[in-house]
>>> print(open('target.cif').read())   # mmCIF, C-alpha atoms, pLDDT in the B column; chains and numbers go by the auth columns
data_target
#
loop_
_atom_site.group_PDB
_atom_site.id
_atom_site.type_symbol
_atom_site.label_atom_id
_atom_site.label_comp_id
_atom_site.label_asym_id
_atom_site.label_seq_id
_atom_site.Cartn_x
_atom_site.Cartn_y
_atom_site.Cartn_z
_atom_site.B_iso_or_equiv
_atom_site.auth_seq_id
_atom_site.auth_asym_id
ATOM 1 C CA MET A 1 115.678 120.530 196.138 51.00 1 Z
ATOM 2 C CA SER A 2 116.956 117.285 194.603 65.00 2 Z
ATOM 3 C CA ASP A 3 116.189 113.937 196.232 80.00 3 Z
ATOM 4 C CA LEU A 4 119.426 112.659 197.746 80.00 4 Z
ATOM 5 C CA ARG A 5 118.021 109.120 197.673 83.00 5 Z
ATOM 6 C CA ASP A 6 117.362 109.170 193.930 94.00 6 Z
ATOM 7 C CA PHE A 7 119.502 106.442 192.379 97.00 7 Z
ATOM 8 C CA SER A 8 118.418 106.973 188.778 97.00 8 Z
ATOM 9 C CA GLY A 9 120.975 105.484 186.397 95.00 9 Z
ATOM 10 C CA LYS A 10 123.020 103.877 189.173 98.00 10 Z
ATOM 11 C CA VAL A 11 123.833 100.195 188.738 98.00 11 Z
ATOM 12 C CA VAL A 12 123.227 98.297 191.979 98.00 12 Z
ATOM 13 C CA LEU A 13 124.197 94.703 192.813 98.00 13 Z
ATOM 14 C CA ILE A 14 122.950 93.093 195.996 98.00 14 Z
ATOM 15 C CA THR A 15 124.198 89.569 196.600 98.00 15 Z
ATOM 16 C CA GLY A 16 121.693 87.121 198.001 98.00 16 Z
ATOM 17 C CA SER A 17 118.784 89.287 196.887 98.00 17 Z
ATOM 18 C CA SER A 18 116.263 86.547 196.111 97.00 18 Z
ATOM 19 C CA ARG A 19 114.645 86.766 199.545 95.00 19 Z
ATOM 20 C CA GLY A 20 114.764 88.354 202.994 95.00 20 Z
ATOM 21 C CA ILE A 21 116.538 91.640 203.627 97.00 21 Z
ATOM 22 C CA GLY A 22 118.396 91.463 200.303 98.00 22 Z
ATOM 23 C CA ALA A 23 115.163 91.226 198.327 98.00 23 Z
ATOM 24 C CA GLU A 24 113.665 94.196 200.141 98.00 24 Z
ATOM 25 C CA MET A 25 116.841 96.199 199.567 98.00 25 Z
ATOM 26 C CA ILE A 26 116.984 95.609 195.815 98.00 26 Z
ATOM 27 C CA LYS A 27 113.291 96.511 195.468 98.00 27 Z
ATOM 28 C CA ALA A 28 113.882 99.734 197.426 98.00 28 Z
ATOM 29 C CA PHE A 29 116.766 100.741 195.146 98.00 29 Z
ATOM 30 C CA GLY A 30 114.654 99.841 192.126 98.00 30 Z
ATOM 31 C CA LYS A 31 111.812 102.088 193.273 97.00 31 Z
ATOM 32 C CA ARG A 32 114.324 104.926 193.436 97.00 32 Z
ATOM 33 C CA GLY A 33 115.458 104.547 189.838 97.00 33 Z
ATOM 34 C CA ALA A 34 118.421 102.162 190.145 98.00 34 Z
ATOM 35 C CA ARG A 35 119.320 99.636 187.460 98.00 35 Z
ATOM 36 C CA CYS A 36 119.210 96.478 189.548 98.00 36 Z
ATOM 37 C CA VAL A 37 121.140 93.216 189.544 98.00 37 Z
ATOM 38 C CA VAL A 38 119.456 90.398 191.468 98.00 38 Z
ATOM 39 C CA ASN A 39 121.763 87.585 192.591 98.00 39 Z
ATOM 40 C CA TYR A 40 120.889 84.123 193.841 98.00 40 Z
ATOM 41 C CA VAL A 41 122.663 80.821 194.455 97.00 41 Z
ATOM 42 C CA ALA A 42 121.286 77.692 192.817 96.00 42 Z
ATOM 43 C CA ASP A 43 119.601 75.105 195.036 95.00 43 Z
ATOM 44 C CA ALA A 44 118.378 71.595 194.250 95.00 44 Z
ATOM 45 C CA GLU A 45 114.699 72.526 194.448 95.00 45 Z
ATOM 46 C CA GLY A 46 115.089 75.637 192.284 96.00 46 Z
ATOM 47 C CA GLN A 47 113.415 77.768 194.946 97.00 47 Z
ATOM 48 C CA ASN A 48 116.087 80.462 194.971 97.00 48 Z
ATOM 49 C CA LYS A 49 115.768 80.953 191.208 97.00 49 Z
ATOM 50 C CA ALA A 50 111.988 81.185 191.495 98.00 50 Z
ATOM 51 C CA ASP A 51 112.300 83.702 194.326 98.00 51 Z
ATOM 52 C CA ALA A 52 114.835 85.775 192.347 98.00 52 Z
ATOM 53 C CA ASN A 53 112.551 85.871 189.304 98.00 53 Z
ATOM 54 C CA SER A 54 109.660 86.891 191.547 98.00 54 Z
ATOM 55 C CA VAL A 55 111.700 89.809 192.914 98.00 55 Z
ATOM 56 C CA ALA A 56 112.804 90.743 189.394 98.00 56 Z
ATOM 57 C CA LYS A 57 109.169 91.140 188.279 98.00 57 Z
ATOM 58 C CA GLU A 58 108.948 94.206 190.532 97.00 58 Z
ATOM 59 C CA LEU A 59 111.988 95.820 188.892 98.00 59 Z
ATOM 60 C CA GLU A 60 112.511 97.587 185.587 96.00 60 Z
ATOM 61 C CA GLU A 61 114.909 95.828 183.193 96.00 61 Z
ATOM 62 C CA PRO A 62 116.682 93.843 185.915 98.00 62 Z
ATOM 63 C CA LEU A 63 119.615 91.511 185.481 98.00 63 Z
ATOM 64 C CA VAL A 64 119.156 88.198 187.302 98.00 64 Z
ATOM 65 C CA ILE A 65 122.425 86.326 187.799 98.00 65 Z
ATOM 66 C CA GLU A 66 123.052 82.952 189.400 98.00 66 Z
ATOM 67 C CA CYS A 67 126.328 83.032 191.322 98.00 67 Z
ATOM 68 C CA ASP A 68 127.760 81.246 194.339 98.00 68 Z
ATOM 69 C CA VAL A 69 129.761 84.011 196.039 98.00 69 Z
ATOM 70 C CA SER A 70 132.097 81.472 197.642 98.00 70 Z
ATOM 71 C CA LYS A 71 133.418 80.501 194.171 98.00 71 Z
ATOM 72 C CA PRO A 72 135.802 83.148 192.725 98.00 72 Z
ATOM 73 C CA GLU A 73 135.361 82.007 189.116 98.00 73 Z
ATOM 74 C CA GLN A 74 131.576 82.412 189.334 98.00 74 Z
ATOM 75 C CA VAL A 75 131.962 85.835 190.929 98.00 75 Z
ATOM 76 C CA GLU A 76 134.349 86.942 188.194 98.00 76 Z
ATOM 77 C CA SER A 77 131.882 85.763 185.557 98.00 77 Z
ATOM 78 C CA MET A 78 129.092 87.734 187.268 98.00 78 Z
ATOM 79 C CA MET A 79 131.163 90.919 187.271 98.00 79 Z
ATOM 80 C CA MET A 80 132.057 90.469 183.599 98.00 80 Z
ATOM 81 C CA GLU A 81 128.366 90.107 182.748 98.00 81 Z
ATOM 82 C CA ILE A 82 127.487 93.251 184.710 98.00 82 Z
ATOM 83 C CA GLY A 83 130.332 95.119 183.012 98.00 83 Z
ATOM 84 C CA ASP A 84 129.261 93.953 179.555 98.00 84 Z
ATOM 85 C CA LYS A 85 125.527 94.581 180.003 98.00 85 Z
ATOM 86 C CA ARG A 86 125.518 97.609 182.296 98.00 86 Z
ATOM 87 C CA GLY A 87 128.905 99.209 181.653 98.00 87 Z
ATOM 88 C CA GLY A 88 130.029 99.139 185.275 98.00 88 Z
ATOM 89 C CA LEU A 89 128.849 99.095 188.871 98.00 89 Z
ATOM 90 C CA ASP A 90 128.039 101.964 191.226 98.00 90 Z
ATOM 91 C CA ILE A 91 126.689 100.310 194.379 98.00 91 Z
ATOM 92 C CA LEU A 92 127.523 96.889 195.826 99.00 92 Z
ATOM 93 C CA VAL A 93 125.820 95.427 198.876 98.00 93 Z
ATOM 94 C CA ASN A 94 127.453 92.250 200.154 98.00 94 Z
ATOM 95 C CA ASN A 95 124.404 90.619 201.682 98.00 95 Z
ATOM 96 C CA SER A 96 124.825 86.869 201.014 97.00 96 Z
ATOM 97 C CA GLY A 97 125.005 84.875 204.209 96.00 97 Z
ATOM 98 C CA ILE A 98 124.101 81.601 205.870 96.00 98 Z
ATOM 99 C CA ILE A 99 123.678 80.492 209.457 95.00 99 Z
ATOM 100 C CA ARG A 100 124.376 77.078 211.004 96.00 100 Z
ATOM 101 C CA ASP A 101 124.119 77.397 214.782 95.00 101 Z
ATOM 102 C CA ARG A 102 125.596 74.889 217.206 96.00 102 Z
ATOM 103 C CA THR A 103 127.687 75.028 220.367 97.00 103 Z
ATOM 104 C CA ILE A 104 131.467 74.848 220.019 98.00 104 Z
ATOM 105 C CA LYS A 105 131.546 71.365 221.552 98.00 105 Z
ATOM 106 C CA LYS A 106 129.089 70.002 219.002 98.00 106 Z
ATOM 107 C CA MET A 107 129.986 71.990 215.880 98.00 107 Z
ATOM 108 C CA SER A 108 131.596 70.074 213.031 98.00 108 Z
ATOM 109 C CA MET A 109 134.465 71.521 211.016 98.00 109 Z
ATOM 110 C CA GLU A 110 132.200 71.670 207.957 98.00 110 Z
ATOM 111 C CA GLU A 111 129.573 73.633 209.889 98.00 111 Z
ATOM 112 C CA PHE A 112 132.249 76.076 210.982 98.00 112 Z
ATOM 113 C CA GLU A 113 134.010 76.440 207.643 98.00 113 Z
ATOM 114 C CA SER A 114 130.895 76.541 205.446 98.00 114 Z
ATOM 115 C CA VAL A 115 129.589 79.656 207.226 98.00 115 Z
ATOM 116 C CA LEU A 116 132.945 81.416 206.932 98.00 116 Z
ATOM 117 C CA ARG A 117 133.190 80.349 203.279 98.00 117 Z
ATOM 118 C CA VAL A 118 129.922 82.041 202.316 98.00 118 Z
ATOM 119 C CA ASN A 119 129.789 84.971 204.735 98.00 119 Z
ATOM 120 C CA LEU A 120 133.430 86.061 204.886 98.00 120 Z
ATOM 121 C CA THR A 121 135.193 84.566 201.868 98.00 121 Z
ATOM 122 C CA GLY A 122 132.137 85.380 199.766 98.00 122 Z
ATOM 123 C CA THR A 123 132.286 89.036 200.812 98.00 123 Z
ATOM 124 C CA PHE A 124 135.995 89.114 199.982 98.00 124 Z
ATOM 125 C CA ASN A 125 135.500 87.436 196.589 98.00 125 Z
ATOM 126 C CA VAL A 126 132.758 89.822 195.520 98.00 126 Z
ATOM 127 C CA THR A 127 134.620 92.906 196.748 98.00 127 Z
ATOM 128 C CA GLN A 128 137.836 91.835 195.017 98.00 128 Z
ATOM 129 C CA LYS A 129 136.202 91.001 191.679 98.00 129 Z
ATOM 130 C CA ALA A 130 133.947 94.082 191.762 98.00 130 Z
ATOM 131 C CA ALA A 131 137.011 96.340 191.908 98.00 131 Z
ATOM 132 C CA ALA A 132 137.434 95.973 188.140 97.00 132 Z
ATOM 133 C CA ILE A 133 134.003 97.451 187.343 98.00 133 Z
ATOM 134 C CA LEU A 134 133.260 99.769 190.290 98.00 134 Z
ATOM 135 C CA ARG A 135 133.133 103.361 189.143 98.00 135 Z
ATOM 136 C CA SER A 136 134.735 106.311 190.925 97.00 136 Z
ATOM 137 C CA GLY A 137 132.401 107.602 193.626 97.00 137 Z
ATOM 138 C CA GLY A 138 130.969 104.132 194.128 98.00 138 Z
ATOM 139 C CA ARG A 139 129.688 102.571 197.322 98.00 139 Z
ATOM 140 C CA ILE A 140 130.249 99.232 199.017 99.00 140 Z
ATOM 141 C CA VAL A 141 128.029 98.199 201.917 99.00 141 Z
ATOM 142 C CA ASN A 142 128.810 94.999 203.807 99.00 142 Z
ATOM 143 C CA MET A 143 126.282 93.217 205.978 98.00 143 Z
ATOM 144 C CA SER A 144 127.735 92.412 209.390 98.00 144 Z
ATOM 145 C CA SER A 145 125.651 91.648 212.492 98.00 145 Z
ATOM 146 C CA VAL A 146 125.259 92.418 216.185 97.00 146 Z
ATOM 147 C CA SER A 147 126.434 88.812 216.584 97.00 147 Z
ATOM 148 C CA GLY A 148 129.829 89.857 215.223 98.00 148 Z
ATOM 149 C CA GLU A 149 130.099 92.622 217.813 98.00 149 Z
ATOM 150 C CA MET A 150 128.885 90.712 220.870 97.00 150 Z
ATOM 151 C CA GLY A 151 129.453 87.018 220.154 96.00 151 Z
ATOM 152 C CA LEU A 152 126.139 85.230 220.617 94.00 152 Z
ATOM 153 C CA PHE A 153 125.819 81.776 222.192 94.00 153 Z
ATOM 154 C CA GLY A 154 125.890 78.964 219.649 95.00 154 Z
ATOM 155 C CA GLN A 155 127.151 81.196 216.847 96.00 155 Z
ATOM 156 C CA VAL A 156 130.918 80.802 216.917 98.00 156 Z
ATOM 157 C CA ASN A 157 130.971 80.382 213.127 98.00 157 Z
ATOM 158 C CA TYR A 158 128.479 83.169 212.340 98.00 158 Z
ATOM 159 C CA SER A 159 129.882 85.594 214.933 98.00 159 Z
ATOM 160 C CA SER A 160 133.427 84.977 213.703 98.00 160 Z
ATOM 161 C CA SER A 161 132.427 85.607 210.094 98.00 161 Z
ATOM 162 C CA LYS A 162 130.540 88.800 210.914 98.00 162 Z
ATOM 163 C CA ALA A 163 133.318 90.157 213.150 98.00 163 Z
ATOM 164 C CA ALA A 164 135.810 89.509 210.359 98.00 164 Z
ATOM 165 C CA ILE A 165 133.557 91.368 207.909 98.00 165 Z
ATOM 166 C CA ILE A 166 133.975 94.451 210.096 98.00 166 Z
ATOM 167 C CA ALA A 167 137.764 94.174 209.779 98.00 167 Z
ATOM 168 C CA LEU A 168 137.446 93.526 206.038 98.00 168 Z
ATOM 169 C CA THR A 169 135.284 96.654 205.762 99.00 169 Z
ATOM 170 C CA LYS A 170 137.894 98.838 207.439 98.00 170 Z
ATOM 171 C CA VAL A 171 140.754 97.556 205.289 98.00 171 Z
ATOM 172 C CA SER A 172 138.632 97.911 202.155 98.00 172 Z
ATOM 173 C CA ALA A 173 137.733 101.488 203.135 98.00 173 Z
ATOM 174 C CA ARG A 174 141.421 102.383 203.250 98.00 174 Z
ATOM 175 C CA GLU A 175 142.279 100.681 199.978 98.00 175 Z
ATOM 176 C CA PHE A 176 139.267 101.821 197.924 98.00 176 Z
ATOM 177 C CA ALA A 177 139.479 105.436 199.108 98.00 177 Z
ATOM 178 C CA ARG A 178 141.970 106.233 196.340 97.00 178 Z
ATOM 179 C CA GLN A 179 139.151 105.489 193.847 97.00 179 Z
ATOM 180 C CA ASN A 180 136.761 107.706 195.848 98.00 180 Z
ATOM 181 C CA ILE A 181 134.769 104.589 196.796 98.00 181 Z
ATOM 182 C CA THR A 182 133.405 104.385 200.339 98.00 182 Z
ATOM 183 C CA VAL A 183 133.089 101.085 202.196 99.00 183 Z
ATOM 184 C CA ASN A 184 130.861 100.726 205.235 99.00 184 Z
ATOM 185 C CA ALA A 185 129.071 97.986 207.154 99.00 185 Z
ATOM 186 C CA ILE A 186 125.612 97.605 208.621 98.00 186 Z
ATOM 187 C CA ALA A 187 125.264 95.511 211.777 98.00 187 Z
ATOM 188 C CA PRO A 188 121.585 94.626 212.231 97.00 188 Z
ATOM 189 C CA GLY A 189 120.245 93.319 215.507 96.00 189 Z
ATOM 190 C CA PHE A 190 117.156 91.132 215.642 94.00 190 Z
ATOM 191 C CA ILE A 191 115.035 91.971 212.605 94.00 191 Z
ATOM 192 C CA ASP A 192 111.534 90.645 212.008 90.00 192 Z
ATOM 193 C CA ILE A 193 112.513 88.810 208.816 83.00 193 Z
ATOM 194 C CA GLY A 194 114.921 86.160 207.551 64.00 194 Z
ATOM 195 C CA MET A 195 117.349 84.522 209.973 64.00 195 Z
ATOM 196 C CA SER A 196 115.760 85.939 213.123 66.00 196 Z
ATOM 197 C CA LYS A 197 112.611 83.972 212.259 65.00 197 Z
ATOM 198 C CA GLY A 198 114.480 80.759 213.117 67.00 198 Z
ATOM 199 C CA VAL A 199 115.143 81.747 216.737 73.00 199 Z
ATOM 200 C CA PRO A 200 112.911 79.873 219.238 77.00 200 Z
ATOM 201 C CA GLN A 201 110.099 82.044 220.615 83.00 201 Z
ATOM 202 C CA GLU A 202 111.274 81.765 224.223 85.00 202 Z
ATOM 203 C CA ALA A 203 114.806 82.847 223.313 81.00 203 Z
ATOM 204 C CA MET A 204 113.484 85.701 221.174 83.00 204 Z
ATOM 205 C CA GLN A 205 111.365 87.028 224.048 89.00 205 Z
ATOM 206 C CA SER A 206 114.488 87.006 226.212 88.00 206 Z
ATOM 207 C CA PHE A 207 116.369 89.034 223.588 86.00 207 Z
ATOM 208 C CA ILE A 208 113.488 91.520 223.196 93.00 208 Z
ATOM 209 C CA GLN A 209 113.593 92.179 226.943 95.00 209 Z
ATOM 210 C CA GLN A 210 117.237 93.218 226.525 95.00 210 Z
ATOM 211 C CA ILE A 211 116.537 95.645 223.671 97.00 211 Z
ATOM 212 C CA PRO A 212 116.124 99.207 225.004 97.00 212 Z
ATOM 213 C CA LEU A 213 113.547 100.038 222.300 98.00 213 Z
ATOM 214 C CA GLY A 214 111.623 96.936 223.381 96.00 214 Z
ATOM 215 C CA ARG A 215 110.908 95.415 219.970 95.00 215 Z
ATOM 216 C CA LEU A 216 112.358 93.649 216.959 95.00 216 Z
ATOM 217 C CA GLY A 217 113.631 95.790 214.118 97.00 217 Z
ATOM 218 C CA GLU A 218 111.644 96.106 210.906 97.00 218 Z
ATOM 219 C CA VAL A 219 113.207 95.248 207.568 97.00 219 Z
ATOM 220 C CA ASN A 220 112.692 98.796 206.239 97.00 220 Z
ATOM 221 C CA GLU A 221 114.897 100.083 209.067 98.00 221 Z
ATOM 222 C CA VAL A 222 117.833 98.063 207.703 98.00 222 Z
ATOM 223 C CA VAL A 223 116.943 98.977 204.116 98.00 223 Z
ATOM 224 C CA ASN A 224 116.945 102.678 205.027 98.00 224 Z
ATOM 225 C CA ALA A 225 120.439 102.324 206.486 98.00 225 Z
ATOM 226 C CA ALA A 226 121.667 100.858 203.186 98.00 226 Z
ATOM 227 C CA LEU A 227 119.950 103.603 201.163 98.00 227 Z
ATOM 228 C CA PHE A 228 121.622 106.215 203.374 98.00 228 Z
ATOM 229 C CA LEU A 229 125.122 104.730 203.108 98.00 229 Z
ATOM 230 C CA ALA A 230 124.748 104.418 199.320 98.00 230 Z
ATOM 231 C CA SER A 231 123.536 107.999 198.942 97.00 231 Z
ATOM 232 C CA PRO A 232 125.364 111.345 198.605 96.00 232 Z
ATOM 233 C CA MET A 233 124.380 112.021 202.241 97.00 233 Z
ATOM 234 C CA ALA A 234 127.099 109.554 203.313 98.00 234 Z
ATOM 235 C CA SER A 235 129.827 110.805 200.977 97.00 235 Z
ATOM 236 C CA TYR A 236 132.304 111.480 203.818 98.00 236 Z
ATOM 237 C CA ILE A 237 131.575 108.315 205.788 98.00 237 Z
ATOM 238 C CA THR A 238 133.826 105.316 205.216 98.00 238 Z
ATOM 239 C CA GLY A 239 135.114 102.453 207.355 98.00 239 Z
ATOM 240 C CA HIS A 240 132.078 102.840 209.614 98.00 240 Z
ATOM 241 C CA VAL A 241 129.836 100.203 211.212 98.00 241 Z
ATOM 242 C CA LEU A 242 126.238 101.410 211.432 98.00 242 Z
ATOM 243 C CA ASN A 243 124.365 99.595 214.192 98.00 243 Z
ATOM 244 C CA VAL A 244 120.666 99.006 213.529 98.00 244 Z
ATOM 245 C CA ASN A 245 119.733 97.129 216.684 97.00 245 Z
ATOM 246 C CA GLY A 246 117.404 99.199 218.894 98.00 246 Z
ATOM 247 C CA GLY A 247 120.195 99.696 221.426 98.00 247 Z
ATOM 248 C CA PHE A 248 120.799 95.963 222.025 96.00 248 Z
ATOM 249 C CA TYR A 249 124.518 96.611 221.590 97.00 249 Z
ATOM 250 C CA MET A 250 126.101 100.044 221.958 95.00 250 Z
ATOM 251 C CA GLY A 251 129.715 100.048 220.832 81.00 251 Z
#
>>> encode(input="target.cif", output="structure tokens")
Amino acid sequence: MSDLRDFSGKVVLITGSSRGIGAEMIKAFGKRGARCVVNYVADAEGQNKADANSVAKELEEPLVIECDVSKPEQVESMMMEIGDKRGGLDILVNNSGIIRDRTIKKMSMEEFESVLRVNLTGTFNVTQKAAAILRSGGRIVNMSSVSGEMGLFGQVNYSSSKAAIIALTKVSAREFARQNITVNAIAPGFIDIGMSKGVPQEAMQSFIQQIPLGRLGEVNEVVNAALFLASPMASYITGHVLNVNGGFYMG
């Protein structure tokens, strides 16, 4: 019986894959035979580049591409490079995201717009530009969040961006279906990595008490959701939001 999570020969791009969930995802695809593209955004200290190169060392013949997903011209350049060097794209995971929490009364316009620019506009830019190189039978997976389904205190920018990604996913699923490309979203809850690490301990304990499974999620539980949606097992699933939240939100 063939392994339905064997991605040998498949070209996979995960945006924001220099650290956190994105890094673990790209390594998981790599271990299953995928030809991986690691993406990072440049920062003044050069940490993101260093992290991306560190991730790439665990992959076979990776492409490492600097690209700010909020800038359409950079995204287009990235897709052209993938097309030239890998011949096309099979799996895209829109993972890039930032968080800048503050209450509505205190949030500046830049704090609001910057999060939407990266999380929502970035997802749109990458999806739009990837259309030129995505092969028939391809997969797009967008990273939403439980915050986009519930609306969490202090996250009007983040929640708005992640709720909009759900709508973007559903429209994309309709439009890309003619190319036999499925588009789905994953909505993680509180995961023991990345952004959840910044939540104060007292607040996190309060959230854990509200989670029916009584614990934070593990990164591999989100990674497994992405592997499933990108695999032949999910070939008739599109426009769906897969909650990975331990029951914190049941929609």
>>> closest_residue(input="target.cif", among="Z:Ser114, Z:Ser8, Z:Thr127, Z:Ser54", to="Z:Met79", atoms="all atoms listed in the file")
Z:Thr127
>>> resolve_selection(input="target.cif", expression="the PyMOL selection byres ((chain Z and resi 168) around 10)", output="list in words")
Leu120, Thr123, Phe124, Thr127, Asn142, Lys162, Ala163, Ala164, Ile165, Ile166, Ala167, Thr169, Lys170, Val171, Ser172, Ala173, Val183, Asn184, Ala185 and Gly239 of chain Z
>>> write_last_selection(input="target.cif", atoms="C-alpha atoms", output="compact mmCIF listing (two decimals), keeping the file's coordinate frame")
# COMPACT_ATOMS: atom_id res chain seq x y z
CA LEU Z 120 133.43 86.06 204.89
CA THR Z 123 132.29 89.04 200.81
CA PHE Z 124 136.00 89.11 199.98
CA THR Z 127 134.62 92.91 196.75
CA ASN Z 142 128.81 95.00 203.81
CA LYS Z 162 130.54 88.80 210.91
CA ALA Z 163 133.32 90.16 213.15
CA ALA Z 164 135.81 89.51 210.36
CA ILE Z 165 133.56 91.37 207.91
CA ILE Z 166 133.98 94.45 210.10
CA ALA Z 167 137.76 94.17 209.78
CA THR Z 169 135.28 96.65 205.76
CA LYS Z 170 137.89 98.84 207.44
CA VAL Z 171 140.75 97.56 205.29
CA SER Z 172 138.63 97.91 202.16
CA ALA Z 173 137.73 101.49 203.14
CA VAL Z 183 133.09 101.08 202.20
CA ASN Z 184 130.86 100.73 205.24
CA ALA Z 185 129.07 97.99 207.15
CA GLY Z 239 135.11 102.45 207.36
>>> resolve_selection(input="target.cif", expression="the PyMOL selection byres ((chain Z and resi 213-217) around 7)", output="ChimeraX atom specification")
/Z:190-192,208-209,211-212,218-219,221,245-247
>>> resolve_selection(input="target.cif", expression="the PyMOL selection byres ((chain Z and resi 243) around 10)", output="PyMOL selection string")
chain Z and resi 144-146+149+185-189+222+225+240-242+244-251
>>> closest_residue(input="target.cif", among="Z:Gln155, Z:Gln210, Z:Thr121, Z:Ser77", to="Z:Lys105", atoms="all atoms listed in the file")
Z:Gln155
>>> closest_residue(input="target.cif", among="Z:Ala230, Z:Ile133, Z:Met25, Z:Asn119", to="Z:Met80", atoms="all atoms listed in the file")
Z:Ile133
>>> closest_residue(input="target.cif", among="Z:Pro200, Z:Gly138, Z:Gly154, Z:Gly122", to="Z:Gly16", atoms="all atoms listed in the file")
Z:Gly122
>>> residues_around(input="target.cif", residues="Z:Gly151", least_positions_apart="6", cutoff="9 Å", atoms="all atoms listed in the file", output="list of chain:residue names")
Z:Tyr158, Z:Ser159, Z:Ser160, Z:Ala163
>>> closest_atom_pairs(input="target.cif", of="stretch 59-99 of chain Z", to="stretch 28-32 of chain Z", cutoff="10 Å", atoms="only C-alpha atoms", output="Markdown table")
| residue | atom | partner | partner_atom | distance |
| --- | --- | --- | --- | --- |
| Z:Leu59 | CA | Z:Gly30 | CA | 5.8 |
| Z:Glu60 | CA | Z:Gly30 | CA | 7.2 |
| Z:Glu61 | CA | Z:Gly30 | CA | 9.8 |
| Z:Pro62 | CA | Z:Gly30 | CA | 8.9 |
| Z:Ile91 | CA | Z:Phe29 | CA | 10.0 |
>>> residues_around(input="target.cif", residues="Z:Cys67", least_positions_apart="2", cutoff="6 Å", atoms="all atoms listed in the file", output="PyMOL selection string")
chain Z and resi 41+69+74
